[in-house]
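Undergrad: Dropping in protein.txt, which is compact mmCIF, C-alpha atoms:
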# COMPACT_ATOMS: atom_id res chain seq x y z
CA VAL Y 7 -34.26 16.23 -39.44
CA THR Y 8 -30.88 15.67 -40.97
CA VAL Y 9 -30.01 12.09 -41.73
CA VAL Y 10 -26.30 11.54 -41.31
CA LEU Y 11 -24.93 8.72 -43.37
CA ALA Y 12 -21.67 8.12 -41.55
CA HIS Y 13 -18.88 6.84 -43.80
CA ALA Y 14 -21.44 6.22 -46.53
CA GLY Y 15 -18.69 6.22 -49.11
CA HIS Y 16 -17.28 3.14 -47.41
CA TRP Y 17 -20.37 0.98 -47.18
CA LEU Y 18 -22.56 2.22 -50.05
CA PRO Y 19 -20.56 0.27 -52.68
CA GLN Y 20 -21.48 -2.95 -50.81
CA LEU Y 21 -25.08 -2.35 -51.86
CA LEU Y 22 -24.00 -2.94 -55.45
CA TYR Y 23 -24.03 -6.60 -54.44
CA LEU Y 24 -27.79 -6.41 -54.40
CA ALA Y 25 -27.96 -5.08 -57.98
CA PRO Y 26 -28.30 -8.54 -59.61
CA LEU Y 27 -31.06 -9.40 -57.15
CA VAL Y 28 -32.89 -6.14 -57.87
CA VAL Y 29 -32.59 -6.75 -61.63
CA LEU Y 30 -33.88 -10.29 -61.18
CA ILE Y 31 -36.88 -9.17 -59.14
CA GLY Y 32 -37.58 -6.49 -61.77
CA ALA Y 33 -37.48 -9.14 -64.51
CA ILE Y 34 -39.84 -11.37 -62.52
CA VAL Y 35 -42.32 -8.52 -61.97
CA VAL Y 36 -42.23 -7.46 -65.63
CA GLY Y 37 -42.66 -11.08 -66.73
CA ARG Y 38 -45.63 -11.54 -64.39
CA LEU Y 39 -47.30 -8.37 -65.65
CA ARG Y 40 -46.76 -9.45 -69.25
CA GLU Y 41 -48.22 -12.91 -68.56
CA ARG Y 42 -51.25 -11.35 -66.87
CA ARG Y 43 -51.78 -9.03 -69.83
CA GLU Y 44 -51.54 -11.93 -72.28
CA ARG Y 45 -54.00 -13.97 -70.21
CA ARG Y 46 -56.48 -11.10 -70.15
CA SER Y 47 -56.25 -10.47 -73.88
CA GLY Y 48 -56.69 -14.23 -74.43
CA GLU Y 49 -59.83 -14.27 -72.27
CA GLN Y 50 -61.26 -11.27 -74.12
CA SER Y 51 -60.71 -12.87 -77.53
CA ASP Y 52 -62.51 -16.04 -76.31
CA VAL C 9 10.79 -15.84 -72.75
CA TRP C 10 8.73 -15.35 -69.62
CA VAL C 11 5.34 -13.73 -70.15
CA ILE C 12 3.86 -12.20 -67.03
CA ALA C 13 0.22 -12.23 -68.06
CA HIS C 14 -1.24 -10.14 -65.26
CA GLY C 15 -1.83 -6.48 -64.71
CA ILE C 16 0.12 -4.68 -62.04
CA VAL C 17 -2.46 -3.96 -59.41
CA GLY C 18 -1.97 -2.19 -56.12
CA ARG C 19 -3.53 -3.43 -52.94
CA ALA C 20 -7.24 -2.69 -52.70
CA ASP C 21 -8.40 -0.61 -49.74
CA LEU C 22 -11.44 -2.62 -48.67
CA PRO C 23 -13.79 -1.44 -45.92
CA ILE C 24 -14.70 -4.97 -44.75
CA PRO C 25 -12.79 -8.27 -44.59
CA THR C 26 -12.74 -10.23 -47.84
CA GLU C 27 -14.48 -13.18 -46.13
CA LEU C 28 -17.57 -11.03 -45.65
CA PHE C 29 -17.75 -10.46 -49.40
CA GLY C 30 -18.11 -14.23 -49.80
CA VAL C 31 -20.90 -14.35 -47.22
CA GLY C 32 -22.67 -11.46 -48.96
CA ALA C 33 -22.37 -13.13 -52.37
CA ALA C 34 -23.74 -16.43 -51.03
CA LEU C 35 -26.64 -14.56 -49.43
CA VAL C 36 -27.50 -12.83 -52.71
CA LEU C 37 -27.55 -16.22 -54.45
CA VAL C 38 -29.87 -17.74 -51.85
CA LEU C 39 -32.22 -14.72 -52.05
CA SER C 40 -32.17 -14.95 -55.86
CA PHE C 41 -33.05 -18.64 -55.66
CA LEU C 42 -36.00 -17.83 -53.37
CA ALA C 43 -37.14 -15.04 -55.70
CA LEU C 44 -37.04 -17.44 -58.66
CA ALA C 45 -38.99 -20.05 -56.70
CA ALA C 46 -41.63 -17.51 -55.72
CA GLY C 47 -42.06 -15.57 -58.93
CA TRP C 48 -40.57 -17.29 -62.01
CA SER C 49 -43.18 -19.96 -62.68
CA ARG C 50 -43.05 -20.41 -66.48
CA PRO C 51 -40.11 -20.98 -68.82
CA ARG C 52 -39.42 -17.64 -70.48
CA LEU C 53 -36.02 -18.11 -72.06
CA GLU C 54 -36.80 -21.03 -74.33
CA ARG C 55 -38.22 -18.56 -76.84
CA VAL C 56 -37.36 -14.90 -76.49
CA PRO C 57 -38.45 -12.13 -78.85
CA GLU C 58 -35.70 -10.50 -80.91
CA ARG C 59 -35.88 -7.07 -82.48
CA VAL C 60 -34.18 -6.68 -85.84
CA LEU C 61 -31.96 -3.60 -85.83
CA LEU C 62 -30.27 -3.64 -89.23
CA ARG C 63 -28.61 -5.84 -91.80
CA VAL C 64 -24.83 -5.93 -91.43
CA PRO C 65 -23.47 -4.87 -94.86
CA VAL C 66 -21.24 -7.39 -96.63
CA ALA C 67 -18.59 -4.65 -96.89
CA VAL C 68 -18.39 -4.46 -93.08
CA GLU C 69 -17.82 -8.21 -92.89
CA ALA C 70 -15.09 -7.94 -95.52
CA ILE C 71 -13.38 -5.04 -93.72
CA LEU C 72 -13.46 -6.80 -90.33
CA GLY C 73 -12.20 -10.03 -91.90
CA ALA C 74 -9.32 -8.11 -93.52
CA ALA C 75 -8.57 -6.44 -90.16
CA GLY C 76 -8.42 -9.88 -88.54
CA VAL C 77 -6.01 -11.16 -91.19
CA ALA C 78 -3.84 -8.02 -90.83
CA ALA C 79 -3.74 -8.32 -87.01
CA PHE C 80 -2.82 -12.00 -87.27
CA ALA C 81 -0.08 -11.29 -89.83
CA ALA C 82 1.34 -8.41 -87.76
CA THR C 83 1.44 -10.59 -84.63
CA VAL C 84 3.22 -13.45 -86.41
CA TRP C 85 5.64 -10.97 -88.01
CA ALA C 86 6.44 -9.43 -84.60
CA GLY C 87 6.87 -12.89 -83.10
CA LEU C 88 9.33 -13.95 -85.79
CA GLU C 89 11.23 -10.74 -86.46
CA GLY C 90 10.77 -8.61 -83.33
CA THR C 91 12.87 -8.13 -80.25
CA SER C 92 13.04 -10.91 -77.65
CA ALA C 93 12.25 -8.34 -74.93
CA GLN C 94 8.67 -9.27 -73.98
CA SER C 95 7.55 -5.76 -73.04
CA ALA C 96 8.77 -4.30 -76.35
CA ASN C 97 7.33 -6.90 -78.74
CA LEU C 98 3.73 -6.73 -79.98
CA ALA C 99 3.16 -10.50 -80.09
CA PRO C 100 2.80 -11.43 -76.36
CA THR C 101 0.43 -8.56 -75.54
CA ALA C 102 -1.51 -9.02 -78.80
CA VAL C 103 -2.06 -12.72 -78.02
CA TYR C 104 -2.55 -12.70 -74.23
CA VAL C 105 -4.42 -9.41 -73.92
CA GLY C 106 -5.79 -8.41 -77.34
CA PHE C 107 -6.84 -11.84 -78.54
CA TRP C 108 -7.34 -13.91 -75.42
CA ILE C 109 -9.06 -11.26 -73.27
CA ALA C 110 -10.28 -8.29 -75.32
CA VAL C 111 -12.14 -10.50 -77.83
CA PRO C 112 -14.24 -12.35 -75.20
CA PHE C 113 -14.89 -9.09 -73.32
CA ALA C 114 -16.12 -7.51 -76.58
CA SER C 115 -18.17 -10.65 -77.27
CA LEU C 116 -20.02 -10.20 -73.96
CA VAL C 117 -21.33 -6.85 -75.20
CA LEU C 118 -21.33 -6.93 -79.00
CA GLY C 119 -21.97 -10.60 -79.75
CA ASP C 120 -19.83 -12.93 -81.83
CA VAL C 121 -17.16 -10.46 -82.98
CA PHE C 122 -14.57 -13.22 -83.48
CA ARG C 123 -16.76 -14.73 -86.16
CA LEU C 124 -16.30 -11.53 -88.17
CA LEU C 125 -12.65 -10.98 -87.23
CA SER C 126 -11.51 -14.59 -87.61
CA PRO C 127 -8.68 -14.75 -90.15
CA TRP C 128 -9.53 -18.42 -90.81
CA ARG C 129 -13.09 -17.58 -91.77
CA ALA C 130 -11.92 -14.59 -93.82
CA VAL C 131 -9.57 -16.60 -96.03
CA GLY C 132 -11.18 -20.05 -95.80
CA ARG C 133 -13.36 -21.26 -98.64
CA TYR C 134 -14.42 -24.87 -98.06
CA GLY C 135 -15.88 -26.33 -94.89
CA VAL C 136 -15.06 -23.20 -92.94
CA GLU C 137 -18.52 -22.76 -91.38
CA PRO C 138 -18.79 -26.15 -89.60
CA TRP C 139 -15.12 -25.87 -88.66
CA THR C 140 -15.62 -22.40 -87.17
CA ARG C 141 -18.69 -23.47 -85.24
CA ARG C 142 -17.47 -26.80 -83.91
CA ALA C 143 -13.75 -27.43 -84.38
CA ASP C 144 -12.10 -24.03 -83.91
CA ALA C 145 -11.52 -23.94 -80.15
CA PHE C 146 -11.32 -20.14 -80.08
CA GLY C 147 -14.46 -19.76 -82.20
CA VAL C 148 -16.37 -22.10 -79.89
CA TRP C 149 -15.03 -20.51 -76.69
CA PHE C 150 -15.61 -16.90 -77.73
CA GLY C 151 -18.99 -17.89 -79.20
CA MET C 152 -20.08 -19.04 -75.72
CA PHE C 153 -19.60 -15.51 -74.33
CA ALA C 154 -21.37 -14.04 -77.36
CA ARG C 155 -24.49 -15.94 -76.30
CA LEU C 156 -24.75 -13.68 -73.25
CA ALA C 157 -24.65 -10.48 -75.32
CA PRO C 158 -27.75 -8.37 -76.00
CA LEU C 159 -26.68 -8.18 -79.65
CA ALA C 160 -26.54 -11.08 -82.08
CA ARG C 161 -26.01 -11.52 -85.79
CA ARG C 162 -28.30 -13.99 -87.48
CA ASP C 163 -27.11 -16.23 -90.30
CA ASP C 164 -28.95 -14.02 -92.78
CA GLY C 165 -26.73 -11.08 -91.72
CA ARG C 166 -29.39 -9.29 -89.64
CA LEU C 167 -28.28 -7.71 -86.37
CA VAL C 168 -30.84 -8.33 -83.61
CA LEU C 169 -31.42 -7.05 -80.08
CA ARG C 170 -32.46 -9.54 -77.38
CA PRO C 171 -32.46 -9.75 -73.57
CA PRO C 172 -28.94 -10.24 -72.19
CA VAL C 173 -28.05 -13.84 -71.20
CA ALA C 174 -31.09 -15.20 -73.10
CA GLY C 175 -28.95 -16.42 -76.01
CA ALA C 176 -27.33 -19.00 -73.71
CA ALA C 177 -30.63 -20.89 -73.50
CA ARG C 178 -30.34 -21.58 -77.24
CA LEU C 179 -27.16 -23.57 -76.81
CA ARG C 180 -27.60 -27.09 -78.14
CA ALA C 181 -24.91 -28.92 -76.21
CA ILE C 182 -23.04 -31.70 -77.99
CA ALA C 183 -20.25 -34.04 -76.90
CA GLY C 184 -17.43 -31.79 -75.72
CA THR C 185 -19.52 -28.74 -74.79
CA THR C 186 -19.36 -29.52 -71.07
CA ALA C 187 -15.63 -30.24 -71.32
CA VAL C 188 -14.98 -26.87 -73.00
CA LEU C 189 -16.81 -24.98 -70.26
CA VAL C 190 -15.36 -26.98 -67.35
CA ILE C 191 -11.82 -26.62 -68.71
CA GLY C 192 -12.42 -22.91 -69.38
CA ILE C 193 -13.56 -22.26 -65.81
CA GLY C 194 -10.95 -24.58 -64.27
CA SER C 195 -8.02 -23.11 -66.20
CA THR C 196 -9.08 -19.53 -65.42
CA GLY C 197 -9.50 -20.52 -61.77
CA PHE C 198 -6.04 -22.10 -61.76
CA ASP C 199 -4.62 -18.92 -63.27
CA GLY C 200 -5.89 -17.19 -60.12
CA ALA C 201 -4.89 -19.96 -57.72
CA LYS C 202 -1.28 -19.98 -58.87
CA GLU C 203 -0.94 -16.44 -57.56
CA GLY C 204 -1.98 -17.48 -54.05
CA PRO C 205 0.04 -19.00 -51.21
CA LEU C 206 -1.74 -22.39 -51.17
CA PHE C 207 -0.68 -23.41 -54.66
CA ASN C 208 2.77 -21.87 -54.32
CA ASP C 209 3.45 -23.91 -51.18
CA LEU C 210 2.08 -27.02 -52.90
CA ALA C 211 4.07 -26.35 -56.07
CA GLY C 212 7.25 -26.12 -54.02
CA THR C 213 6.53 -29.48 -52.36
CA ILE C 214 5.76 -31.17 -55.70
CA GLN C 215 8.84 -29.61 -57.26
CA ASP C 216 11.06 -30.89 -54.43
CA ALA C 217 9.58 -34.40 -54.75
CA LEU C 218 10.09 -34.49 -58.52
CA THR C 219 13.58 -33.02 -58.26
CA GLY C 220 14.40 -35.78 -55.76
CA ALA C 221 13.20 -38.28 -58.38
CA GLY C 222 15.85 -37.01 -60.79
CA LEU C 223 14.08 -34.29 -62.79
CA THR C 224 15.59 -30.86 -63.35
CA LYS C 225 14.21 -28.03 -61.19
CA GLY C 226 12.68 -26.22 -64.15
CA PHE C 227 10.95 -29.30 -65.57
CA ALA C 228 9.75 -30.31 -62.08
CA LEU C 229 8.17 -26.86 -61.62
CA GLU C 230 6.46 -27.11 -65.01
CA LEU C 231 5.04 -30.50 -64.05
CA ALA C 232 3.85 -29.05 -60.72
CA PHE C 233 1.92 -26.43 -62.67
CA VAL C 234 0.44 -29.11 -64.95
CA VAL C 235 -0.70 -31.03 -61.86
CA GLY C 236 -2.24 -27.84 -60.43
CA LEU C 237 -4.08 -27.17 -63.68
CA LEU C 238 -5.45 -30.72 -63.83
CA VAL C 239 -6.57 -30.56 -60.19
CA ALA C 240 -8.35 -27.22 -60.80
CA VAL C 241 -10.19 -28.60 -63.85
CA ALA C 242 -11.06 -31.81 -61.97
CA LEU C 243 -12.41 -29.77 -59.03
CA VAL C 244 -14.68 -27.69 -61.30
CA GLY C 245 -15.80 -30.86 -63.10
CA ALA C 246 -16.58 -32.55 -59.77
CA ILE C 247 -18.63 -29.58 -58.54
CA TRP C 248 -20.61 -29.54 -61.80
CA ARG C 249 -21.11 -33.30 -61.64
CA LEU C 250 -22.45 -32.89 -58.10
CA GLY C 251 -24.99 -30.36 -59.36
CA THR C 252 -26.24 -32.62 -62.18
CA LEU C 253 -26.42 -35.70 -59.91
CA GLY C 254 -28.63 -33.68 -57.56
CA MET C 255 -31.32 -33.33 -60.21
CA PRO C 256 -34.01 -36.00 -60.44
CA PRO C 257 -34.08 -38.08 -63.67
CA ALA C 258 -36.18 -36.67 -66.50
CA GLY C 259 -36.45 -39.73 -68.70
CA ASP C 260 -33.70 -39.12 -71.24
CA GLY C 261 -30.65 -40.33 -69.33
CA ARG C 262 -28.21 -38.66 -66.98
CA THR C 263 -25.80 -37.40 -69.68
CA ALA C 264 -28.59 -35.92 -71.80
CA LEU C 265 -30.08 -34.25 -68.73
CA ALA C 266 -26.72 -32.73 -67.76
CA ARG C 267 -26.27 -31.39 -71.30
CA ARG C 268 -29.64 -29.66 -71.14
CA PHE C 269 -28.39 -27.63 -68.18
CA VAL C 270 -24.78 -27.03 -69.17
CA HIS C 271 -25.57 -23.59 -70.64
CA ALA C 272 -25.83 -22.42 -67.01
CA LEU C 273 -22.03 -22.66 -66.89
CA ILE C 274 -21.60 -19.98 -69.59
CA PRO C 275 -22.24 -16.95 -67.32
CA ILE C 276 -20.02 -18.56 -64.68
CA ALA C 277 -17.21 -18.85 -67.23
CA ALA C 278 -17.82 -15.19 -68.10
CA ALA C 279 -17.76 -14.24 -64.42
CA TYR C 280 -14.43 -15.99 -63.91
CA LEU C 281 -13.07 -14.33 -67.06
CA VAL C 282 -14.05 -10.82 -65.93
CA ALA C 283 -13.00 -11.43 -62.34
CA HIS C 284 -9.58 -12.67 -63.29
CA TYR C 285 -8.67 -10.61 -66.34
CA PHE C 286 -10.39 -7.24 -65.92
CA SER C 287 -7.32 -5.56 -64.43
CA LEU C 288 -5.07 -7.01 -67.11
CA LEU C 289 -7.32 -5.60 -69.83
CA ALA C 290 -7.74 -2.23 -68.09
CA TYR C 291 -4.00 -1.70 -67.73
CA ASN C 292 -2.09 -3.78 -70.27
CA GLY C 293 -4.81 -3.28 -72.87
CA GLN C 294 -3.66 0.33 -73.10
CA ASP C 295 -0.23 -0.92 -74.11
CA LEU C 296 -1.56 -2.30 -77.40
CA TRP C 297 -1.50 1.19 -78.90
CA ARG C 298 2.20 1.62 -78.14
CA LEU C 299 3.07 -1.88 -79.33
CA ALA C 300 1.02 -1.57 -82.53
CA SER C 301 3.00 1.58 -83.29
CA ASP C 302 6.30 -0.21 -82.72
CA PRO C 303 5.47 -3.92 -83.18
CA LEU C 304 9.07 -5.18 -83.50
CA GLY C 305 10.50 -2.99 -80.75
CA ASN C 306 13.02 -1.46 -83.14
CA GLY C 307 12.11 2.20 -82.63
CA ALA C 308 9.45 2.49 -85.36
CA ASP C 309 6.36 4.67 -84.80
CA TYR C 310 3.79 3.66 -87.43
CA PHE C 311 0.72 5.13 -85.70
CA GLY C 312 2.33 7.84 -83.55
CA GLY C 313 1.81 5.98 -80.26
CA ALA C 314 5.29 4.53 -79.67
CA GLY C 315 5.83 6.88 -76.73
CA ALA C 316 2.50 6.10 -75.03
CA THR C 317 2.56 4.79 -71.46
CA ILE C 318 0.05 2.91 -69.30
CA ASP C 319 -2.13 5.15 -67.14
CA TYR C 320 -2.55 3.16 -63.92
CA SER C 321 -4.89 5.76 -62.48
CA VAL C 322 -7.56 4.90 -65.05
CA VAL C 323 -9.14 2.54 -62.50
CA SER C 324 -8.25 2.06 -58.82
CA ALA C 325 -7.41 -1.26 -57.16
CA THR C 326 -10.56 -0.99 -55.03
CA ALA C 327 -12.72 -0.37 -58.11
CA ILE C 328 -11.17 -3.46 -59.72
CA TRP C 329 -12.11 -5.51 -56.66
CA TYR C 330 -15.73 -4.35 -56.93
CA VAL C 331 -15.86 -5.15 -60.65
CA GLN C 332 -14.40 -8.60 -59.93
CA THR C 333 -16.76 -9.49 -57.10
CA GLY C 334 -19.72 -7.87 -58.88
CA ALA C 335 -19.02 -10.01 -61.96
CA LEU C 336 -18.88 -13.15 -59.82
CA VAL C 337 -22.23 -12.42 -58.16
CA LEU C 338 -23.93 -11.35 -61.42
CA GLY C 339 -22.59 -14.36 -63.33
CA HIS C 340 -23.76 -16.86 -60.75
CA VAL C 341 -27.20 -15.28 -60.41
CA ALA C 342 -27.47 -15.50 -64.21
CA GLY C 343 -26.46 -19.16 -63.99
CA LEU C 344 -29.22 -19.77 -61.44
CA VAL C 345 -31.78 -18.06 -63.69
CA LEU C 346 -30.78 -20.15 -66.72
CA ALA C 347 -30.88 -23.39 -64.72
CA HIS C 348 -34.24 -22.53 -63.11
CA ASP C 349 -35.81 -21.61 -66.45
CA ARG C 350 -34.61 -24.86 -68.03
CA ALA C 351 -35.84 -26.83 -65.00
CA LEU C 352 -39.32 -25.38 -65.56
CA ALA C 353 -39.21 -26.63 -69.17
CA VAL C 354 -37.90 -30.06 -68.13
CA TYR C 355 -39.89 -30.79 -64.96
CA GLY C 356 -43.08 -28.84 -65.69
CA SER C 357 -44.30 -27.57 -62.34
CA PRO C 358 -42.61 -24.69 -60.47
CA ARG C 359 -42.39 -26.80 -57.30
CA ALA C 360 -40.63 -29.69 -59.06
CA ALA C 361 -38.33 -27.26 -60.87
CA THR C 362 -37.35 -25.51 -57.65
CA ARG C 363 -36.70 -28.79 -55.83
CA SER C 364 -34.57 -30.04 -58.72
CA GLN C 365 -32.31 -27.01 -58.42
CA LEU C 366 -31.53 -27.18 -54.70
CA VAL C 367 -28.20 -28.93 -55.27
CA MET C 368 -27.53 -26.58 -58.19
CA LEU C 369 -27.86 -23.69 -55.73
CA VAL C 370 -25.16 -25.33 -53.60
CA VAL C 371 -23.02 -25.67 -56.74
CA MET C 372 -23.44 -21.99 -57.59
CA VAL C 373 -22.54 -20.98 -54.03
CA LEU C 374 -19.46 -23.23 -54.17
CA PHE C 375 -18.36 -21.72 -57.51
CA THR C 376 -18.88 -18.22 -56.11
CA LEU C 377 -16.94 -18.91 -52.92
CA LEU C 378 -14.17 -20.55 -54.95
CA GLY C 379 -13.96 -17.46 -57.15
CA MET C 380 -13.97 -15.14 -54.13
CA TRP C 381 -11.30 -17.20 -52.41
CA LEU C 382 -9.09 -17.07 -55.51
CA LEU C 383 -9.52 -13.31 -55.74
CA SER C 384 -8.80 -12.68 -52.07
CA ALA C 385 -5.78 -15.03 -52.16
CA ALA C 386 -4.35 -13.06 -55.07
CA LEU C 387 -5.23 -9.79 -53.33
CA ASN C 388 -3.39 -10.73 -50.17
CA THR C 389 -0.29 -12.02 -51.92
Rewrite the structure of this file - the entire thing - as structure tokens.
TA:
Amino acid sequence: VTVVLAHAGHWLPQLLYLAPLVVLIGAIVVGRLRERRERRSGEQSD
Amino acid sequence: VWVIAHGIVGRADLPIPTELFGVGAALVLVLSFLALAAGWSRPRLERVPERVLLRVPVAVEAILGAAGVAAFAATVWAGLEGTSAQSANLAPTAVYVGFWIAVPFASLVLGDVFRLLSPWRAVGRYGVEPWTRRADAFGVWFGMFARLAPLARRDDGRLVLRPPVAGAARLRAIAGTTAVLVIGIGSTGFDGAKEGPLFNDLAGTIQDALTGAGLTKGFALELAFVVGLLVAVALVGAIWRLGTLGMPPAGDGRTALARRFVHALIPIAAAYLVAHYFSLLAYNGQDLWRLASDPLGNGADYFGGAGATIDYSVVSATAIWYVQTGALVLGHVAGLVLAHDRALAVYGSPRAATRSQLVMLVVMVLFTLLGMWLLSAALNT
């Protein structure tokens, strides 16, 4: 199956709008993982 | 001498109407707000880890300070002795492009470069540090942008790496900090508005009224621009005031509360700066090489670049539009993040923090739409 992205060059740049949102979600996920890791290491040391 | 402080930009070939860009930007802000509410539940920017990279040698500071003094002296010399033809004299481009735009752009990436380049700091001996940090308007203004940079220089001379934007959370606002940021955003916004039809129609009406009152046409037009500038600053101040009034009290007074959140305006100021001046830097910034080679416009060629011309194909008008709108969206999302993180520190629970920032979300959307409207007005002129 060939996916045809008609006029992709015209609308693909609009997706750049979502870049800040993607970065933000990435930062949230990384922060959550880090917090979980810190909590676990804290529980183990107790 | 008339200084046309804007790059020559062709019309952007946009695939969708400019209004839809505003809708898209507002949508991204709302989604970012929801993401923060759902996943950012502890203040993370109050204390961020920094990685020490190296110690900046004293010799580097001395060289950069000397370069700042030399650039300042060359600009003054060109201003006093050079040709009165604006495009052939180093001074206007050095001030309006090199100093006023390139320095804050560099600060966004490299940190507080003006601190090292400042001719005042280089030659000053007594009281220069507090003056640079608090009284030198340029030092304070450029220093705001440096807080967003991933690089920073500590007082002990160490260069450190930190998450971008995080430095803004360290701002300890004092009397005047809010005014600096509001005036910075308002004046940049007015610089965009004066290119659009709304202000030009209004300026004509004000000019006619003042001319009828006995003023000369030129003076009346200048006053119309002053009125426009004051209205733009007042509008930005009113929007910010709306955002701070929408937050519940936190026990230390309304003014103190507003100051605790004012660092959220820094990325917005940066967004307005990039949105409005990127094209000027991309095009007219190239002209600095030619003008440095022939600063007085008398046919000299000190650095071999006197024959250089501006390459307008270096970036297309459409690409400039995307950089401008991208900067607006990124800046306002960063402002939301800073405000949300501070709200968590102030109000404690994620729910209370999120509720406190609902009006701030409206403020960010208003600032974004204002910026988009200014850009599209200039685009369609």
Undergrad: Could you list the residues in chain Y lying within 7 Å of chain C, using only C-alpha atoms, and format the result as a PyMOL selection string?
TA: chain Y and resi 16+23-24+26-27+31+34
Undergrad: Which centre and which edge lengths, in Å to one decimal, describe the axis-aligned box that holds all listed atoms of region 18-33 of chain Y after 3 Å is added on each side, as AutoDock Vina command-line options?
TA:
--center_x -29.1 --center_y -4.0 --center_z -57.3 --size_x 23.0 --size_y 18.5 --size_z 20.5
Undergrad: For Arg55 (chain C), which of C:Pro275, C:Gly204, C:Gly245, C:Pro171 is the closest residue, counting all atoms listed in the file?
TA: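 Between C:Pro275, C:Gly204, C:Gly245, C:Pro171, the residue approaching Arg55 (chain C) most closely is C:Pro171.
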Undergrad: Tell me, in Å to one decimal, how far CA of Phe198 (chain C) is from CA of Leu237 (chain C).
TA: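 That distance, rounded to one decimal, is 5.8 Å.
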Undergrad: Expressed in Å to a single decimal, how great is the separation between CA of Ala272 (chain C) and CA of Gly343 (chain C)?
TA: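 According to the coordinates, CA of Ala272 (chain C) and CA of Gly343 (chain C) are separated by 4.5 Å.
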Undergrad: Under the rule that only C-alpha atoms are counted, which of C:Ala290, C:Ala211, C:Met152, C:Met372 is the nearest residue to Thr186 (chain C)?
TA: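 Looking only at the distances to Thr186 (chain C), the closest residue turns out to be C:Met152.
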Undergrad: One decimal, in Å: what's the spacing between CA of Ala177 (chain C) and CA of Gly32 (chain Y)?
TA: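 Calculated distance between CA of Ala177 (chain C) and CA of Gly32 (chain Y) is 19.8 Å.
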Undergrad: Here is a test: counting only C-alpha atoms, which residue of C:Val31, C:His284, C:Val84, C:Ser92 is nearest to Ile193 (chain C)?
TA: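 That would be C:His284, the residue with the smallest distance to Ile193 (chain C).
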Undergrad: Hey, what's within 9 Å of Ser195 (chain C) if we count only C-alpha atoms and toss same-chain stuff fewer than 2 positions away? As a VMD selection string, please?
TA: chain C and resid 190 to 193 197 to 200 237 to 238 240 to 241
Undergrad: Supply region 141-150 of chain C as a PDB file, in the coordinates of the input, with N, CA, C and O atoms built in where the input has gaps.
TA:
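Written file, out21.pdb:
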ATOM      1  N   ARG C 141     -17.687 -23.285 -86.283  1.00  0.00           N
ATOM      2  CA  ARG C 141     -18.690 -23.470 -85.240  1.00  0.00           C
ATOM      3  C   ARG C 141     -18.370 -24.611 -84.287  1.00  0.00           C
ATOM      4  O   ARG C 141     -18.787 -24.604 -83.138  1.00  0.00           O
ATOM      5  N   ARG C 142     -17.650 -25.622 -84.756  1.00  0.00           N
ATOM      6  CA  ARG C 142     -17.470 -26.800 -83.910  1.00  0.00           C
ATOM      7  C   ARG C 142     -16.027 -27.185 -83.618  1.00  0.00           C
ATOM      8  O   ARG C 142     -15.743 -27.760 -82.571  1.00  0.00           O
ATOM      9  N   ALA C 143     -15.118 -26.923 -84.546  1.00  0.00           N
ATOM     10  CA  ALA C 143     -13.750 -27.430 -84.380  1.00  0.00           C
ATOM     11  C   ALA C 143     -12.762 -26.357 -83.939  1.00  0.00           C
ATOM     12  O   ALA C 143     -11.776 -26.674 -83.285  1.00  0.00           O
ATOM     13  N   ASP C 144     -13.014 -25.109 -84.290  1.00  0.00           N
ATOM     14  CA  ASP C 144     -12.100 -24.030 -83.910  1.00  0.00           C
ATOM     15  C   ASP C 144     -12.319 -23.710 -82.433  1.00  0.00           C
ATOM     16  O   ASP C 144     -13.340 -23.126 -82.061  1.00  0.00           O
ATOM     17  N   ALA C 145     -11.345 -24.094 -81.606  1.00  0.00           N
ATOM     18  CA  ALA C 145     -11.520 -23.940 -80.150  1.00  0.00           C
ATOM     19  C   ALA C 145     -11.800 -22.489 -79.767  1.00  0.00           C
ATOM     20  O   ALA C 145     -12.646 -22.221 -78.912  1.00  0.00           O
ATOM     21  N   PHE C 146     -11.115 -21.556 -80.419  1.00  0.00           N
ATOM     22  CA  PHE C 146     -11.320 -20.140 -80.080  1.00  0.00           C
ATOM     23  C   PHE C 146     -12.717 -19.689 -80.518  1.00  0.00           C
ATOM     24  O   PHE C 146     -13.388 -18.953 -79.803  1.00  0.00           O
ATOM     25  N   GLY C 147     -13.125 -20.125 -81.712  1.00  0.00           N
ATOM     26  CA  GLY C 147     -14.460 -19.760 -82.200  1.00  0.00           C
ATOM     27  C   GLY C 147     -15.544 -20.264 -81.265  1.00  0.00           C
ATOM     28  O   GLY C 147     -16.503 -19.552 -80.950  1.00  0.00           O
ATOM     29  N   VAL C 148     -15.385 -21.517 -80.805  1.00  0.00           N
ATOM     30  CA  VAL C 148     -16.370 -22.100 -79.890  1.00  0.00           C
ATOM     31  C   VAL C 148     -16.360 -21.370 -78.556  1.00  0.00           C
ATOM     32  O   VAL C 148     -17.409 -20.997 -78.014  1.00  0.00           O
ATOM     33  N   TRP C 149     -15.170 -21.136 -78.013  1.00  0.00           N
ATOM     34  CA  TRP C 149     -15.030 -20.510 -76.690  1.00  0.00           C
ATOM     35  C   TRP C 149     -15.564 -19.078 -76.702  1.00  0.00           C
ATOM     36  O   TRP C 149     -16.367 -18.693 -75.855  1.00  0.00           O
ATOM     37  N   PHE C 150     -15.138 -18.283 -77.667  1.00  0.00           N
ATOM     38  CA  PHE C 150     -15.610 -16.900 -77.730  1.00  0.00           C
ATOM     39  C   PHE C 150     -17.114 -16.862 -78.042  1.00  0.00           C
ATOM     40  O   PHE C 150     -17.834 -15.979 -77.576  1.00  0.00           O
TER      41      PHE C 150
END
